[in-house]
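structure_21.cif follows; it contains mmCIF, C-alpha atoms.
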```
data_query
loop_
_atom_site.label_atom_id
_atom_site.label_comp_id
_atom_site.auth_asym_id
_atom_site.auth_seq_id
_atom_site.Cartn_x
_atom_site.Cartn_y
_atom_site.Cartn_z
CA MET A 1 -12.27 -20.17 -4.64
CA PRO A 2 -14.93 -19.48 -1.99
CA ILE A 3 -17.95 -21.82 -1.97
CA GLU A 4 -20.79 -19.28 -1.96
CA SER A 5 -21.40 -16.17 -4.08
CA PHE A 6 -24.16 -13.67 -4.89
CA LYS A 7 -25.16 -11.48 -7.84
CA VAL A 8 -25.29 -7.70 -8.00
CA ILE A 9 -26.63 -5.48 -10.78
CA PRO A 10 -23.80 -3.32 -12.22
CA LYS A 11 -24.26 0.21 -13.49
CA GLY A 12 -24.54 0.35 -17.25
CA LYS A 13 -23.61 -2.69 -19.30
CA PRO A 14 -20.07 -3.84 -18.54
CA GLU A 15 -17.82 -5.52 -21.06
CA ILE A 16 -17.92 -9.31 -21.08
CA VAL A 17 -14.45 -10.47 -20.17
CA ASN A 18 -13.63 -13.78 -21.84
CA TYR A 19 -10.08 -13.07 -22.91
CA HIS A 20 -6.63 -12.13 -21.68
CA ILE A 21 -3.78 -10.14 -23.20
CA GLU A 22 -0.38 -11.54 -24.11
CA SER A 23 2.83 -10.02 -25.49
CA ARG A 24 4.48 -12.10 -28.18
CA ASN A 25 7.92 -10.57 -27.77
CA GLY A 26 7.78 -9.47 -24.14
CA ARG A 27 7.76 -5.83 -25.18
CA ARG A 28 4.86 -3.71 -26.35
CA THR A 29 3.13 -5.92 -28.89
CA TRP A 30 -0.08 -7.07 -27.19
CA GLU A 31 -2.72 -9.49 -28.48
CA ARG A 32 -6.01 -10.75 -27.14
CA LYS A 33 -6.15 -14.47 -26.42
CA PRO A 34 -9.26 -16.48 -25.51
CA GLY A 35 -9.72 -17.50 -21.88
CA LEU A 36 -9.18 -15.62 -18.63
CA LEU A 37 -5.72 -15.20 -17.18
CA ALA A 38 -5.64 -16.55 -13.61
CA VAL A 39 -4.76 -13.34 -11.81
CA ARG A 40 -6.11 -11.84 -8.61
CA ILE A 41 -5.00 -8.60 -7.00
CA SER A 42 -5.75 -7.33 -3.50
CA ILE A 43 -6.29 -3.61 -2.98
CA ARG A 44 -6.16 -1.70 0.30
CA PRO A 45 -8.53 1.30 0.04
CA SER A 46 -6.68 4.59 0.40
CA ILE A 47 -9.08 5.66 3.16
CA VAL A 48 -7.46 3.16 5.54
CA SER A 49 -3.90 3.76 4.37
CA LYS A 50 -1.52 5.00 7.05
CA GLU A 51 1.45 6.93 5.72
CA GLU A 52 3.58 6.22 8.79
CA ILE A 53 3.27 2.46 8.22
CA ASP A 54 3.77 2.61 4.46
CA GLU A 55 6.85 4.83 4.79
CA LEU A 56 8.41 2.48 7.33
CA PHE A 57 8.14 -0.56 5.08
CA LYS A 58 9.18 1.38 2.00
CA GLU A 59 12.42 2.27 3.78
CA VAL A 60 13.01 -1.24 5.10
CA GLY A 61 11.99 -2.88 1.82
CA LYS A 62 14.97 -1.35 0.03
CA VAL A 63 17.31 -3.65 1.92
CA GLY A 64 14.98 -6.51 2.79
CA SER A 65 13.82 -7.86 -0.56
CA ASN A 66 14.55 -11.46 0.41
CA VAL A 67 12.02 -11.32 3.25
CA GLY A 68 9.10 -9.77 1.38
CA ARG A 69 6.52 -12.21 2.72
CA GLU A 70 7.64 -11.70 6.33
CA LEU A 71 7.59 -7.92 5.94
CA SER A 72 4.10 -8.09 4.42
CA VAL A 73 2.82 -9.99 7.47
CA CYS A 74 4.38 -7.44 9.80
CA MET A 75 2.71 -4.61 7.88
CA HIS A 76 -0.63 -6.43 8.05
CA LYS A 77 -0.38 -6.65 11.84
CA LEU A 78 0.51 -2.98 12.26
CA TYR A 79 -2.52 -2.07 10.18
CA GLY A 80 -4.56 -4.25 12.54
CA VAL A 81 -3.30 -2.29 15.54
CA ARG A 82 -4.27 1.00 13.88
CA TYR A 83 -7.66 -0.39 12.91
CA HIS A 84 -8.63 -1.12 16.51
CA MET A 85 -7.16 2.18 17.73
CA ASP A 86 -9.21 4.14 15.22
CA ASN A 87 -12.41 2.20 15.98
CA PHE A 88 -11.99 2.82 19.70
CA ALA A 89 -11.35 6.54 19.22
CA SER A 90 -14.33 6.85 16.87
CA GLU A 91 -16.67 5.18 19.36
CA GLU A 92 -15.38 7.35 22.20
CA GLN A 93 -15.89 10.51 20.16
CA SER A 94 -19.39 9.40 19.19
CA ARG A 95 -20.37 8.78 22.81
CA VAL A 96 -18.91 12.12 23.95
CA GLN A 97 -21.00 13.89 21.32
CA LYS A 98 -24.17 12.17 22.54
CA PHE A 99 -23.39 13.12 26.13
CA LYS A 100 -23.04 16.76 25.10
CA GLU A 101 -26.23 16.79 23.03
CA ASP A 102 -28.68 15.43 25.57
CA TYR A 103 -27.66 14.24 29.03
CA THR A 104 -29.32 13.41 32.33
CA PRO A 105 -26.93 12.47 35.17
CA PRO A 106 -27.47 9.38 37.34
CA GLY A 107 -28.99 9.81 40.77
CA GLY A 108 -27.23 8.59 43.89
CA VAL A 109 -24.63 6.30 42.30
CA GLN A 110 -21.77 6.41 39.85
CA LEU A 111 -22.82 4.74 36.63
CA GLU A 112 -20.76 2.77 34.10
CA ARG A 113 -22.60 1.64 30.99
CA GLU A 114 -20.63 -1.28 29.59
CA ASN A 115 -19.89 -0.49 25.97
CA PRO A 116 -19.09 -3.64 23.93
CA VAL A 117 -17.36 -1.63 21.18
CA LEU A 118 -14.95 -0.04 23.65
CA ILE A 119 -14.38 -3.28 25.56
CA TYR A 120 -13.73 -5.53 22.59
CA GLU A 121 -11.76 -2.99 20.57
CA MET A 122 -9.42 -2.57 23.54
CA GLU A 123 -9.04 -6.32 23.90
CA SER A 124 -8.40 -6.65 20.16
CA PHE A 125 -5.86 -3.83 20.29
CA LEU A 126 -3.87 -5.63 23.00
CA PHE A 127 -3.98 -8.88 21.03
CA GLN A 128 -2.88 -7.23 17.78
CA VAL A 129 0.07 -5.45 19.40
CA LYS A 130 1.27 -8.76 20.88
CA SER A 131 0.63 -10.48 17.56
CA SER A 132 2.66 -7.85 15.71
CA LEU A 133 5.60 -8.69 17.96
CA ASP A 134 5.05 -12.44 17.55
CA VAL A 135 5.18 -12.30 13.73
CA LEU A 136 8.32 -10.21 13.99
CA ALA A 137 9.92 -13.05 15.96
CA VAL A 138 8.52 -16.05 14.12
CA GLY A 139 9.05 -14.48 10.69
CA LEU A 140 12.03 -12.16 10.45
CA LEU A 141 14.05 -13.20 13.51
CA ASN A 142 13.80 -16.87 12.67
CA LYS A 143 14.49 -16.47 8.97
CA LEU A 144 17.24 -13.87 9.08
CA LEU A 145 19.02 -14.94 12.27
CA GLY A 146 18.27 -18.67 12.34
CA LEU A 147 16.42 -18.57 15.66
CA LYS A 148 13.65 -21.00 16.58
CA LEU A 149 11.13 -18.75 18.29
CA GLY A 150 7.42 -19.52 18.55
CA SER A 151 6.42 -16.11 19.92
CA PHE A 152 7.93 -12.86 21.19
CA GLY A 153 8.87 -12.86 24.85
CA THR A 154 11.53 -10.35 25.87
CA GLU A 155 13.68 -12.78 27.86
CA LYS A 156 13.02 -15.59 25.40
CA VAL A 157 14.27 -13.51 22.46
CA ILE A 158 17.32 -12.25 24.36
CA ASP A 159 18.29 -15.81 25.34
CA ALA A 160 17.84 -17.00 21.73
CA LEU A 161 20.03 -14.16 20.45
CA LYS A 162 22.77 -14.96 22.96
CA SER A 163 22.70 -18.64 22.02
CA GLU A 164 23.37 -17.76 18.38
CA GLU A 165 25.78 -14.89 19.02
CA HIS A 166 28.65 -16.76 17.36
CA LYS A 167 26.68 -16.82 14.09
CA ILE A 168 24.90 -13.46 14.28
CA GLY A 169 27.79 -11.41 15.59
CA THR A 170 28.28 -9.74 18.95
CA LYS A 171 27.66 -6.21 17.66
CA LYS A 172 24.26 -7.00 16.17
CA VAL A 173 23.19 -9.14 19.14
CA ASN A 174 24.08 -6.36 21.60
CA LYS A 175 22.23 -3.78 19.53
CA LEU A 176 19.06 -5.90 19.35
CA LYS A 177 19.35 -6.83 23.02
CA THR A 178 19.56 -3.14 24.00
CA MET A 179 16.43 -2.36 21.95
CA ILE A 180 14.48 -5.14 23.65
CA GLU A 181 15.58 -4.13 27.14
CA LYS A 182 14.66 -0.50 26.44
CA ASN A 183 11.13 -1.56 25.48
CA LYS A 184 10.76 -4.42 27.97
CA ASP A 185 8.50 -2.67 30.50
CA TRP A 186 5.67 -1.73 28.16
CA ILE A 187 5.85 -5.01 26.25
CA GLU A 188 5.62 -7.11 29.43
CA GLU A 189 2.84 -4.95 30.92
CA LEU A 190 0.80 -5.22 27.73
CA ASN A 191 1.37 -8.96 27.53
CA GLU A 192 0.20 -9.44 31.12
CA MET A 193 -3.08 -7.75 30.22
CA ARG A 194 -3.34 -9.83 27.05
CA VAL A 195 -2.78 -13.06 29.01
CA GLN A 196 -5.43 -12.03 31.53
CA ILE A 197 -7.97 -11.53 28.75
CA ALA A 198 -7.00 -14.71 26.92
CA HIS A 199 -6.92 -17.09 29.86
CA LEU A 200 -8.69 -15.60 32.87
CA SER A 201 -11.41 -13.02 32.22
CA ASP A 202 -12.01 -9.58 30.84
CA LEU A 203 -9.47 -6.83 31.54
CA LYS A 204 -9.93 -6.09 35.25
CA GLY A 205 -9.85 -2.38 35.96
CA PHE A 206 -10.69 -1.27 32.43
CA LEU A 207 -13.58 1.19 32.65
CA CYS A 208 -15.92 2.63 30.06
CA PHE A 209 -17.41 6.09 30.64
CA ILE A 210 -18.06 6.74 34.37
CA GLU A 211 -21.00 9.07 35.01
CA VAL A 212 -21.05 10.87 38.35
CA PRO A 213 -24.18 12.24 40.10
CA PHE A 214 -24.59 15.99 39.85
CA THR A 215 -23.16 17.66 42.96
CA GLY A 216 -23.53 21.27 41.91
CA GLY A 217 -21.45 23.61 39.81
CA GLU A 218 -21.63 24.33 36.10
CA GLY A 219 -21.93 20.84 34.66
CA CYS A 220 -22.00 17.09 35.15
CA THR A 221 -18.79 15.08 35.34
CA VAL A 222 -18.17 12.11 33.06
CA TYR A 223 -14.85 10.28 33.12
CA TYR A 224 -13.32 9.05 29.89
CA PRO A 225 -12.73 5.30 29.35
CA SER A 226 -9.59 4.34 31.26
CA MET A 227 -7.01 1.61 31.75
CA PRO A 228 -6.53 -0.22 35.08
CA ASP A 229 -4.06 2.43 36.28
CA GLY A 230 -6.51 5.25 35.49
CA THR A 231 -4.81 6.46 32.29
CA ARG A 232 -7.26 7.55 29.61
CA ALA A 233 -7.57 4.61 27.23
CA THR A 234 -6.96 6.56 24.02
CA GLU A 235 -3.82 8.11 25.50
CA TYR A 236 -2.56 4.65 26.43
CA MET A 237 -3.24 3.31 22.94
CA ASP A 238 -1.52 6.28 21.30
CA SER A 239 1.49 5.89 23.57
CA ILE A 240 1.79 2.17 22.82
CA TRP A 241 1.41 2.81 19.09
CA LYS A 242 4.29 5.30 19.06
CA LYS A 243 6.50 2.92 21.07
CA LEU A 244 5.59 -0.02 18.85
CA LEU A 245 6.28 1.89 15.63
CA SER A 246 9.61 3.18 16.95
CA PHE A 247 10.59 -0.31 18.11
CA TYR A 248 9.61 -1.82 14.78
CA LYS A 249 11.56 0.76 12.81
CA SER A 250 14.81 0.39 14.71
CA PHE A 251 14.44 -3.40 14.90
CA LEU A 252 13.67 -3.91 11.22
CA ILE A 253 16.46 -1.65 10.02
CA THR A 254 18.98 -3.45 12.24
CA LEU A 255 17.75 -6.86 11.06
CA THR A 256 17.84 -6.12 7.36
CA ILE A 257 21.19 -4.29 7.05
#
```

Could you rewrite the structure in this file as structure tokens?
Amino acid sequence: MPIESFKVIPKGKPEIVNYHIESRNGRRTWERKPGLLAVRISIRPSIVSKEEIDELFKEVGKVGSNVGRELSVCMHKLYGVRYHMDNFASEEQSRVQKFKEDYTPPGGVQLERENPVLIYEMESFLFQVKSSLDVLAVGLLNKLLGLKLGSFGTEKVIDALKSEEHKIGTKKVNKLKTMIEKNKDWIEELNEMRVQIAHLSDLKGFLCFIEVPFTGGEGCTVYYPSMPDGTRATEYMDSIWKKLLSFYKSFLITLTI
């Protein structure tokens, strides 16, 4: 149990719970017994539920019952990716609205106001995507295929699969290898950015909103937050999410059949 707690005043007068319920015959005959039953449940509020994630694991779970814990961790990580995506998009939308409501352009220079929400949500997004791949390797790949991976690196996983091809089977190894090679570019690019953030600095080239001095015309120009190559950040995140989900789906189904 946690060390510290606090009290809140409930609405009305709740029932005092000092009992638990037991079935004598394991059917429908229930009796109250003194003392609490040591049970705790965790609930994910429906407001944060993502149907695309739930449907994926419902489909995979039908054939992967022996790796329930590993699948649960994978689901947790995908929810983490979505969480940071949604927070980033919400902050961007909020800032856009404020620009449209009341705006004075900068004079003489382009202006970037560093936004900690945008900066750290992007960094967290990159970390969570890489982490979602790592738990896929350390959990499911190791348990189901007998590999000894400590993280997900495209070449590292391919080499590990080849080394165990005699046990796994050539057909499955080739199928998994093809999936990895197909997704190698975006995985390696994302990991390079993640390594830069983790070991060197912030993400060089990532920009929050860029405000441009008024040069005439109908309105003032403000550039959306962007990645180092200039791609709008939310478009990049959405693209990576779709690739990650597709990769996960094909990978998990191949692993668990």

Original post:
When the PyMOL selection byres ((chain A and resi 240) around 10) is applied to the file above, which residues end up in the set, as a VMD selection string?
Top reply: chain A and resid 81 126 129 186 to 187 190 234 to 239 241 to 246

Residues of the last selection are to be written out with C-alpha atoms, as a tab-separated table (two decimals), keeping the file's coordinate frame.
```tsv
chain	number	residue	atom	x	y	z
A	81	VAL	CA	-3.30	-2.29	15.54
A	126	LEU	CA	-3.87	-5.63	23.00
A	129	VAL	CA	0.07	-5.45	19.40
A	186	TRP	CA	5.67	-1.73	28.16
A	187	ILE	CA	5.85	-5.01	26.25
A	190	LEU	CA	0.80	-5.22	27.73
A	234	THR	CA	-6.96	6.56	24.02
A	235	GLU	CA	-3.82	8.11	25.50
A	236	TYR	CA	-2.56	4.65	26.43
A	237	MET	CA	-3.24	3.31	22.94
A	238	ASP	CA	-1.52	6.28	21.30
A	239	SER	CA	1.49	5.89	23.57
A	241	TRP	CA	1.41	2.81	19.09
A	242	LYS	CA	4.29	5.30	19.06
A	243	LYS	CA	6.50	2.92	21.07
A	244	LEU	CA	5.59	-0.02	18.85
A	245	LEU	CA	6.28	1.89	15.63
A	246	SER	CA	9.61	3.18	16.95
```

Subject >> Long-range neighbours of region 114-123 of chain A as a PyMOL selection string, 8 Å cut-off, all atoms listed in the file, 4 positions minimum in chain >> reply: chain A and resi 84-85+87-88+91-92+127+194+197+203+208

Original post:
Between A:Glu31, A:Ile168, A:Glu189, A:Glu52, which is the closest to Tyr19 (chain A) once you count only C-alpha atoms?
Top reply: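 Of all the options, A:Glu31 lies closest to Tyr19 (chain A).
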
**OP:** Go ahead and compute the interatomic distance for CA of Met193 (chain A) and CA of Pro228 (chain A), in Å to one decimal.
**Re:** 9.6 Å

Subject >> Residue nearest Asn142 (chain A) - candidates A:Tyr223, A:Phe125, A:Glu155, A:Leu255, atoms counted: all atoms listed in the file >> reply: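 For Asn142 (chain A), the nearest of the given residues is A:Leu255.
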
**OP:** Point out the residue among A:Phe99, A:Val17, A:Arg40, A:Val73 with the least atom-to-atom distance to Met1 (chain A), counting only C-alpha atoms.
**Re:** A:Arg40

**OP:** Name the closest residue to Pro213 (chain A) among the candidates A:Ser131, A:Ile253, A:Val157, A:Pro105; distances are taken between atoms, counting only C-alpha atoms.
**Re:**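 Ranking A:Ser131, A:Ile253, A:Val157, A:Pro105 by distance to Pro213 (chain A), first place goes to A:Pro105.
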
Subject >> Best match for closeness to Tyr248 (chain A) among A:Ile3, A:Ile9, A:Ile21, A:Leu71, counting all atoms listed in the file >> reply: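 Closest residue, counting all atoms listed in the file: A:Leu71.
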
Original post:
Looking at only C-alpha atoms, which of A:Ala233, A:Glu15, A:Glu211, A:Ser72 is the one that sits closest to Gly107 (chain A)?
Top reply: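 Between A:Ala233, A:Glu15, A:Glu211, A:Ser72, the residue approaching Gly107 (chain A) most closely is A:Glu211.
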
Since the input lacks some atoms of region 11-37 of chain A, please model N, CA and C atoms and print them as an mmCIF file, keeping the file's coordinate frame.
```cif
data_model
loop_
_atom_site.group_PDB
_atom_site.id
_atom_site.type_symbol
_atom_site.label_atom_id
_atom_site.label_comp_id
_atom_site.auth_asym_id
_atom_site.auth_seq_id
_atom_site.Cartn_x
_atom_site.Cartn_y
_atom_site.Cartn_z
ATOM 1 N N LYS A 11 -23.810 -0.982 -12.786
ATOM 2 C CA LYS A 11 -24.260 0.210 -13.490
ATOM 3 C C LYS A 11 -23.888 0.094 -14.960
ATOM 4 N N GLY A 12 -24.817 0.454 -15.824
ATOM 5 C CA GLY A 12 -24.540 0.350 -17.250
ATOM 6 C C GLY A 12 -24.424 -1.101 -17.676
ATOM 7 N N LYS A 13 -23.793 -1.332 -18.800
ATOM 8 C CA LYS A 13 -23.610 -2.690 -19.300
ATOM 9 C C LYS A 13 -22.110 -2.929 -19.450
ATOM 10 N N PRO A 14 -21.514 -3.638 -18.494
ATOM 11 C CA PRO A 14 -20.070 -3.840 -18.540
ATOM 12 C C PRO A 14 -19.641 -4.760 -19.669
ATOM 13 N N GLU A 15 -18.391 -4.654 -20.032
ATOM 14 C CA GLU A 15 -17.820 -5.520 -21.060
ATOM 15 C C GLU A 15 -17.762 -6.961 -20.554
ATOM 16 N N ILE A 16 -18.072 -7.893 -21.422
ATOM 17 C CA ILE A 16 -17.920 -9.310 -21.080
ATOM 18 C C ILE A 16 -16.449 -9.664 -21.223
ATOM 19 N N VAL A 17 -15.876 -10.148 -20.157
ATOM 20 C CA VAL A 17 -14.450 -10.470 -20.170
ATOM 21 C C VAL A 17 -14.285 -11.979 -20.366
ATOM 22 N N ASN A 18 -13.864 -12.364 -21.535
ATOM 23 C CA ASN A 18 -13.630 -13.780 -21.840
ATOM 24 C C ASN A 18 -12.298 -13.950 -22.576
ATOM 25 N N TYR A 19 -11.373 -13.058 -22.241
ATOM 26 C CA TYR A 19 -10.080 -13.070 -22.910
ATOM 27 C C TYR A 19 -8.989 -12.578 -21.963
ATOM 28 N N HIS A 20 -7.755 -12.743 -22.370
ATOM 29 C CA HIS A 20 -6.630 -12.130 -21.680
ATOM 30 C C HIS A 20 -5.673 -11.572 -22.726
ATOM 31 N N ILE A 21 -4.710 -10.801 -22.275
ATOM 32 C CA ILE A 21 -3.780 -10.140 -23.200
ATOM 33 C C ILE A 21 -2.386 -10.713 -23.032
ATOM 34 N N GLU A 22 -1.740 -11.010 -24.135
ATOM 35 C CA GLU A 22 -0.380 -11.540 -24.110
ATOM 36 C C GLU A 22 0.533 -10.689 -24.996
ATOM 37 N N SER A 23 1.817 -10.683 -24.674
ATOM 38 C CA SER A 23 2.830 -10.020 -25.490
ATOM 39 C C SER A 23 3.678 -11.100 -26.146
ATOM 40 N N ARG A 24 3.733 -11.074 -27.449
ATOM 41 C CA ARG A 24 4.480 -12.100 -28.180
ATOM 42 C C ARG A 24 5.985 -11.993 -27.958
ATOM 43 N N ASN A 25 6.476 -10.759 -27.866
ATOM 44 C CA ASN A 25 7.920 -10.570 -27.770
ATOM 45 C C ASN A 25 8.370 -10.021 -26.409
ATOM 46 N N GLY A 26 7.420 -9.962 -25.469
ATOM 47 C CA GLY A 26 7.780 -9.470 -24.140
ATOM 48 C C GLY A 26 7.992 -7.975 -24.089
ATOM 49 N N ARG A 27 7.574 -7.283 -25.164
ATOM 50 C CA ARG A 27 7.760 -5.830 -25.180
ATOM 51 C C ARG A 27 6.415 -5.134 -25.193
ATOM 52 N N ARG A 28 6.100 -4.483 -26.327
ATOM 53 C CA ARG A 28 4.860 -3.710 -26.350
ATOM 54 C C ARG A 28 3.886 -4.182 -27.417
ATOM 55 N N THR A 29 4.053 -5.383 -27.894
ATOM 56 C CA THR A 29 3.130 -5.920 -28.890
ATOM 57 C C THR A 29 2.147 -6.829 -28.176
ATOM 58 N N TRP A 30 0.903 -6.341 -27.987
ATOM 59 C CA TRP A 30 -0.080 -7.070 -27.190
ATOM 60 C C TRP A 30 -1.191 -7.632 -28.084
ATOM 61 N N GLU A 31 -1.635 -8.838 -27.749
ATOM 62 C CA GLU A 31 -2.720 -9.490 -28.480
ATOM 63 C C GLU A 31 -3.712 -10.107 -27.510
ATOM 64 N N ARG A 32 -4.979 -10.082 -27.938
ATOM 65 C CA ARG A 32 -6.010 -10.750 -27.140
ATOM 66 C C ARG A 32 -5.974 -12.255 -27.406
ATOM 67 N N LYS A 33 -6.076 -13.026 -26.322
ATOM 68 C CA LYS A 33 -6.150 -14.470 -26.420
ATOM 69 C C LYS A 33 -7.399 -14.951 -25.674
ATOM 70 N N PRO A 34 -8.060 -15.983 -26.181
ATOM 71 C CA PRO A 34 -9.260 -16.480 -25.510
ATOM 72 C C PRO A 34 -8.943 -17.074 -24.140
ATOM 73 N N GLY A 35 -9.898 -16.945 -23.221
ATOM 74 C CA GLY A 35 -9.720 -17.500 -21.880
ATOM 75 C C GLY A 35 -9.169 -16.486 -20.902
ATOM 76 N N LEU A 36 -9.633 -16.557 -19.656
ATOM 77 C CA LEU A 36 -9.180 -15.620 -18.630
ATOM 78 C C LEU A 36 -7.805 -15.995 -18.104
ATOM 79 N N LEU A 37 -7.003 -14.991 -17.828
ATOM 80 C CA LEU A 37 -5.720 -15.200 -17.180
ATOM 81 C C LEU A 37 -5.971 -15.310 -15.673
#
```
